[in-house]
Amino acid sequence: MEDRNDHRVPLALAFILGLVLLAPPARADDGPFTWPTDVVVHDNPNAVVVQADQQGSIPGTISSSGGGSDCRLEPNGTIGEIFVDSFGAQLDQGLDPYFLWCGNEMRGLVWLDPNAGGASPALDPQTIAMHLRDQIPVPNADIKINPNRGLVGVDSWFWIDGYNGSPIEESTNAFGQRVEVEASVTRYEWSFGDGETLVAKTVGRSYPHRSQIRHVYERSSAGLASGYQVEVSFSFSVRYRIDGGRWIELPGISRVAETAYPVRESQSVIQQ
Amino acid sequence: MSPRSRTLTVGGVLLAVLVAGLLVGFLALGNDDRSSGTTTSPPVATSTTPSDPRAQVEQAYLRAWDVWADALVKLDASGLSESFTGRALQLITAQVAEQKGKNQPVRIRAEHNYTITLTDAQTASVDDRYINHNVRLDPNTLEPIEPDPDNPEHRSFTLKLVDGTWKIATIIEYR
């Protein structure tokens with residue numbers, strides 16, 4: 001009898017091992033299979049943030065090219081009939097329905113606690129998003145020019161010093177979640193002070209390289225106190241995401257750098 | 001009547017009572033369509049449309065779960081437009097296509113807990129705090145290859161009345 005039991009243990013172990021080896025691989029990496037969503041409402045004690053993927057064209061719905069920046073939550077004014085199932089708990093929990101608007105379309109209802117900290121006054125996601133955008137640290141770039149004093153009729157080379165044009169990234173843990181903000185320059189708009197302008201995609205190249213951003217002055221800056229007022233405006237596209245989710249576009253921002261540039265006229269004098 | 005025949009008679013009566021009880025039980029469970037709200041696959045075709053808008057929305061909502069479930073088991077998106085429209089249709093069509101590309105069917109199951117709101121004659125919202133029991137399946141055996149997630153989830157589904165049919169147009173996720 002003992003011999004038979006001795007055989008049962010290894011047989012049972014072999015059976016279990018066989019089950020383990022034959023079992024299909026686990027899908028722990030994928031997470032639970034669930035509905036795909038195009039709008040995410042982050043509801044937490046500090047604020048409510050709405051993410052909406054509006055990229056692409058959906059006939060008759062969203063015309064905005066951005067994603068989420070024009071979504072907002074509005075407390076219900078006149079709402080239709082609410083049918084609460086026997087186990088529906090929204091009203092019992094003191095939650096109120098808010099309309100979710102993206103652009104001109106009412107996308108749906110979300111139920112939120114109006115008494116949660118900051119929820120009511122901070123419900124406008126546009127305000128929250130703009131606040132994030134305004135916190136982006138944009139470097140203080142300087143305008144550099146060669147030659148230091150311009151000459152009429154001669155190329156002057158311009159470039160930006162202190163910023164190489166790479167995206168500016170910043171992250172914070174606002175709202176108890178990881179918020180990443182990214183700003184990328186889409187173009188540099190130069191104004192040379194004599195009425196001429198130029199739009200560039202790069203910061204230009206520093207001396208002694210020949211910069212792609214060049215300008216020839218036709219008149220001297222005589223009469224101007226410090227010379228021509230040269231300006232460059234950085235136009236940033238800005239986006240953010242929460243907890244590694246979809247990127248959401250924000251309205252762009254711009255920064256301006258300026259400097260004075262004296263330009264003189266050199267004339268040949270022929271003496272007899 | 002001999003003891004043997006009496007025993008057979010009593011046994012027969014008991015067996016008949018047992019069968020009758022089981023039959024009644026099955027019928028009673030079949031009529032209790034609100035007992036759990038759990039969706040199953042394949043979908044059951046509905047032939048009647050209730051006149052109450054709220055009932056229409058509820059029927060359309062649960063039907064949408066069935067349509068989604070059917071598409072994911074068969075890996076066939078052709079029937080989705082019956083219950084989905086707009087961006088939701090695009091997203092779910094892409095999801096089914098992705099599963100088809102992976103040759104991985106999914107069994108959809110949920111325990112519902114929803115609130116229905118009619119915002120206007122053309123728009124309704126179903127706010128559902130359901131328990132997700134969805135599992136990915138082996139394409140050959142259609143047996144689950146992962147454990148039941150048994151995961152609470154919260155979604156708000158916006159339904160639009162399109163040509164007389166309620167369809168899910170937007171799916172809002174709460175986090």
# chains A, B, ... in the order shown; residues from 1 in each chain; ligands from 1

$ closest_atom_pairs --of "chain B" --to "chain A" --cutoff "9 Å" --atoms "only C-alpha atoms" --output "tab-separated table"
residue	atom	partner	partner_atom	distance
B:Arg54	CA	A:Phe83	CA	7.4
B:Gly86	CA	A:Ile58	CA	6.7
B:Arg87	CA	A:Ile58	CA	6.8
B:Ala88	CA	A:Thr37	CA	7.5
B:Leu91	CA	A:Pro36	CA	6.2
B:Ile92	CA	A:Pro36	CA	6.5
B:Gln95	CA	A:Pro36	CA	7.2
B:Val106	CA	A:Phe33	CA	8.0
B:Ile108	CA	A:Phe33	CA	8.6
B:Asn113	CA	A:Gly88	CA	5.9
B:Tyr114	CA	A:Gly88	CA	5.4
B:Thr115	CA	A:Val84	CA	4.9
B:Ile116	CA	A:Phe83	CA	5.1
B:Thr117	CA	A:Ile82	CA	4.3
B:Leu118	CA	A:Gly80	CA	5.1
B:Thr119	CA	A:Gly80	CA	4.2
B:Asp120	CA	A:Gly80	CA	5.9
B:Ala121	CA	A:Gly80	CA	8.7
B:Thr123	CA	A:Gly108	CA	8.6
B:Ala124	CA	A:Gly108	CA	8.0
B:Ser125	CA	A:Leu109	CA	6.3
B:Val126	CA	A:Leu109	CA	8.4
B:Asp127	CA	A:Val110	CA	7.7
B:Asp128	CA	A:Gly88	CA	8.5
B:Arg129	CA	A:Gly88	CA	8.6
B:Asn132	CA	A:Thr34	CA	7.5
B:His133	CA	A:Pro32	CA	8.4
B:Asn134	CA	A:Phe33	CA	5.9
B:Val135	CA	A:Phe33	CA	6.7
B:Arg136	CA	A:Phe33	CA	7.4
B:Asp138	CA	A:Pro24	CA	8.2
B:Pro144	CA	A:Pro24	CA	8.9
B:Ile145	CA	A:Pro24	CA	5.7
B:Glu146	CA	A:Ala26	CA	5.7
B:Pro147	CA	A:Ala26	CA	8.3
B:Asp148	CA	A:Pro32	CA	8.5
B:Pro149	CA	A:Pro32	CA	6.0
B:Asp150	CA	A:Pro32	CA	8.9
B:Asn151	CA	A:Pro32	CA	7.7
B:Glu153	CA	A:Thr34	CA	8.9
B:Arg155	CA	A:Trp35	CA	8.7
B:Ser156	CA	A:Val110	CA	6.7
B:Phe157	CA	A:Gly108	CA	7.2
B:Thr158	CA	A:Gly108	CA	5.3
B:Leu159	CA	A:Gly108	CA	8.5
B:Ala169	CA	A:Arg107	CA	8.3
B:Thr170	CA	A:Arg107	CA	6.5
B:Ile171	CA	A:Thr37	CA	5.2
B:Ile172	CA	A:Val39	CA	4.8
B:Glu173	CA	A:Val40	CA	4.7
B:Tyr174	CA	A:Val41	CA	4.9
B:Arg175	CA	A:His42	CA	4.9

$ select_by_dssp --residues "segment 41-133 of chain B" --states "alpha helix (DSSP H)" --output "ChimeraX atom specification"
/B:53-74,86-102

$ write_last_selection --atoms "N, CA and C atoms" --output "CSV table (one decimal), in the first residue's frame"
chain,number,residue,atom,x,y,z
B,53,PRO,N,-39.1,55.1,-24.5
B,53,PRO,CA,-37.7,55.4,-25.0
B,53,PRO,C,-36.6,54.9,-24.1
B,54,ARG,N,-36.9,54.9,-22.8
B,54,ARG,CA,-35.9,54.4,-21.9
B,54,ARG,C,-35.7,52.9,-22.1
B,55,ALA,N,-36.7,52.2,-22.3
B,55,ALA,CA,-36.6,50.8,-22.6
B,55,ALA,C,-35.9,50.5,-24.0
B,56,GLN,N,-36.2,51.4,-24.9
B,56,GLN,CA,-35.5,51.3,-26.2
B,56,GLN,C,-34.0,51.5,-26.0
B,57,VAL,N,-33.6,52.5,-25.2
B,57,VAL,CA,-32.2,52.8,-25.0
B,57,VAL,C,-31.6,51.6,-24.3
B,58,GLU,N,-32.2,51.1,-23.3
B,58,GLU,CA,-31.7,49.9,-22.5
B,58,GLU,C,-31.5,48.7,-23.5
B,59,GLN,N,-32.5,48.5,-24.3
B,59,GLN,CA,-32.4,47.3,-25.2
B,59,GLN,C,-31.3,47.5,-26.2
B,60,ALA,N,-31.2,48.7,-26.7
B,60,ALA,CA,-30.1,49.0,-27.7
B,60,ALA,C,-28.7,48.9,-27.0
B,61,TYR,N,-28.6,49.4,-25.8
B,61,TYR,CA,-27.4,49.3,-25.1
B,61,TYR,C,-26.9,47.9,-24.8
B,62,LEU,N,-27.8,47.1,-24.3
B,62,LEU,CA,-27.4,45.7,-24.1
B,62,LEU,C,-27.2,44.9,-25.4
B,63,ARG,N,-27.9,45.3,-26.4
B,63,ARG,CA,-27.7,44.7,-27.7
B,63,ARG,C,-26.4,45.1,-28.3
B,64,ALA,N,-25.9,46.3,-28.0
B,64,ALA,CA,-24.6,46.7,-28.5
B,64,ALA,C,-23.5,45.9,-27.8
B,65,TRP,N,-23.7,45.5,-26.6
B,65,TRP,CA,-22.7,44.6,-25.9
B,65,TRP,C,-22.7,43.3,-26.7
B,66,ASP,N,-23.9,42.8,-27.0
B,66,ASP,CA,-23.9,41.5,-27.7
B,66,ASP,C,-23.3,41.6,-29.1
B,67,VAL,N,-23.5,42.7,-29.8
B,67,VAL,CA,-23.0,42.9,-31.1
B,67,VAL,C,-21.4,42.9,-31.0
B,68,TRP,N,-21.0,43.7,-30.0
B,68,TRP,CA,-19.5,43.8,-29.8
B,68,TRP,C,-18.9,42.4,-29.5
B,69,ALA,N,-19.6,41.6,-28.6
B,69,ALA,CA,-19.2,40.3,-28.3
B,69,ALA,C,-19.2,39.4,-29.5
B,70,ASP,N,-20.2,39.5,-30.3
B,70,ASP,CA,-20.3,38.6,-31.5
B,70,ASP,C,-19.1,38.9,-32.4
B,71,ALA,N,-18.8,40.2,-32.6
B,71,ALA,CA,-17.8,40.6,-33.5
B,71,ALA,C,-16.4,40.1,-33.0
B,72,LEU,N,-16.2,40.1,-31.7
B,72,LEU,CA,-14.9,39.7,-31.2
B,72,LEU,C,-14.8,38.2,-31.1
B,73,VAL,N,-15.8,37.4,-31.0
B,73,VAL,CA,-15.7,36.0,-31.1
B,73,VAL,C,-15.5,35.5,-32.5
B,74,LYS,N,-16.2,36.2,-33.4
B,74,LYS,CA,-16.1,35.8,-34.9
B,74,LYS,C,-15.0,36.5,-35.6
B,86,GLY,N,-20.4,56.7,-35.7
B,86,GLY,CA,-19.4,57.8,-35.5
B,86,GLY,C,-18.1,57.3,-35.0
B,87,ARG,N,-17.5,58.0,-34.1
B,87,ARG,CA,-16.2,57.7,-33.6
B,87,ARG,C,-16.2,56.3,-32.9
B,88,ALA,N,-17.2,56.0,-32.2
B,88,ALA,CA,-17.3,54.7,-31.5
B,88,ALA,C,-17.2,53.6,-32.5
B,89,LEU,N,-17.9,53.7,-33.6
B,89,LEU,CA,-17.8,52.7,-34.7
B,89,LEU,C,-16.4,52.5,-35.2
B,90,GLN,N,-15.7,53.7,-35.4
B,90,GLN,CA,-14.4,53.6,-35.9
B,90,GLN,C,-13.5,52.9,-35.0
B,91,LEU,N,-13.6,53.3,-33.7
B,91,LEU,CA,-12.7,52.7,-32.7
B,91,LEU,C,-12.9,51.2,-32.6
B,92,ILE,N,-14.1,50.8,-32.5
B,92,ILE,CA,-14.4,49.4,-32.3
B,92,ILE,C,-14.1,48.6,-33.5
B,93,THR,N,-14.3,49.1,-34.7
B,93,THR,CA,-14.0,48.4,-35.9
B,93,THR,C,-12.5,48.2,-35.9
B,94,ALA,N,-11.7,49.2,-35.5
B,94,ALA,CA,-10.3,49.1,-35.5
B,94,ALA,C,-9.8,48.0,-34.4
B,95,GLN,N,-10.6,48.0,-33.3
B,95,GLN,CA,-10.2,47.0,-32.3
B,95,GLN,C,-10.5,45.6,-32.8
B,96,VAL,N,-11.6,45.4,-33.5
B,96,VAL,CA,-11.9,44.0,-34.0
B,96,VAL,C,-10.8,43.7,-35.0
B,97,ALA,N,-10.5,44.6,-35.9
B,97,ALA,CA,-9.5,44.4,-36.9
B,97,ALA,C,-8.1,44.0,-36.3
B,98,GLU,N,-7.8,44.7,-35.2
B,98,GLU,CA,-6.6,44.4,-34.5
B,98,GLU,C,-6.6,42.9,-33.9
B,99,GLN,N,-7.7,42.6,-33.3
B,99,GLN,CA,-7.8,41.2,-32.8
B,99,GLN,C,-7.8,40.2,-33.9
B,100,LYS,N,-8.4,40.5,-35.0
B,100,LYS,CA,-8.3,39.6,-36.2
B,100,LYS,C,-6.9,39.5,-36.7
B,101,GLY,N,-6.2,40.6,-36.7
B,101,GLY,CA,-4.8,40.5,-37.1
B,101,GLY,C,-4.0,39.6,-36.2
B,102,LYS,N,-4.3,39.6,-35.0
B,102,LYS,CA,-3.6,38.7,-34.0
B,102,LYS,C,-4.2,37.3,-33.9

$ residues_around --residues "segment 213-224 of chain A" --least-positions-apart "2" --cutoff "7 Å" --atoms "only C-alpha atoms" --output "MDAnalysis selection string"
chainID A and resid 152:159 204 211 226:228 262:265

$ atom_distance --atom1 "atom CA of Asn164 of chain A" --atom2 "atom CA of Gln229 of chain A"
22.6 Å

$ residues_around --residues "Asp142 of chain A" --least-positions-apart "6" --cutoff "10 Å" --atoms "only C-alpha atoms" --output "PyMOL selection string"
chain A and resi 159-163+231-232+256-259

$ write_last_selection --atoms "C-alpha atoms" --output "PDB file, in the first residue's frame"
ATOM      1  CA  TRP A 159      21.109  82.801 -35.684  1.00  0.00           C
ATOM      2  CA  ILE A 160      19.726  82.000 -32.264  1.00  0.00           C
ATOM      3  CA  ASP A 161      22.058  81.356 -29.374  1.00  0.00           C
ATOM      4  CA  GLY A 162      21.064  79.468 -26.221  1.00  0.00           C
ATOM      5  CA  TYR A 163      18.509  77.161 -27.796  1.00  0.00           C
ATOM      6  CA  GLU A 231      13.189  90.375 -33.596  1.00  0.00           C
ATOM      7  CA  VAL A 232      12.611  86.659 -33.841  1.00  0.00           C
ATOM      8  CA  VAL A 256      10.115  86.811 -28.794  1.00  0.00           C
ATOM      9  CA  ALA A 257      13.819  87.634 -28.675  1.00  0.00           C
ATOM     10  CA  GLU A 258      15.076  90.992 -29.887  1.00  0.00           C
ATOM     11  CA  THR A 259      18.232  93.012 -30.271  1.00  0.00           C
TER      12      THR A 259
END

$ atom_distance --atom1 "atom CA of Phe234 of chain A" --atom2 "atom CA of Gly193 of chain A"
16.7 Å
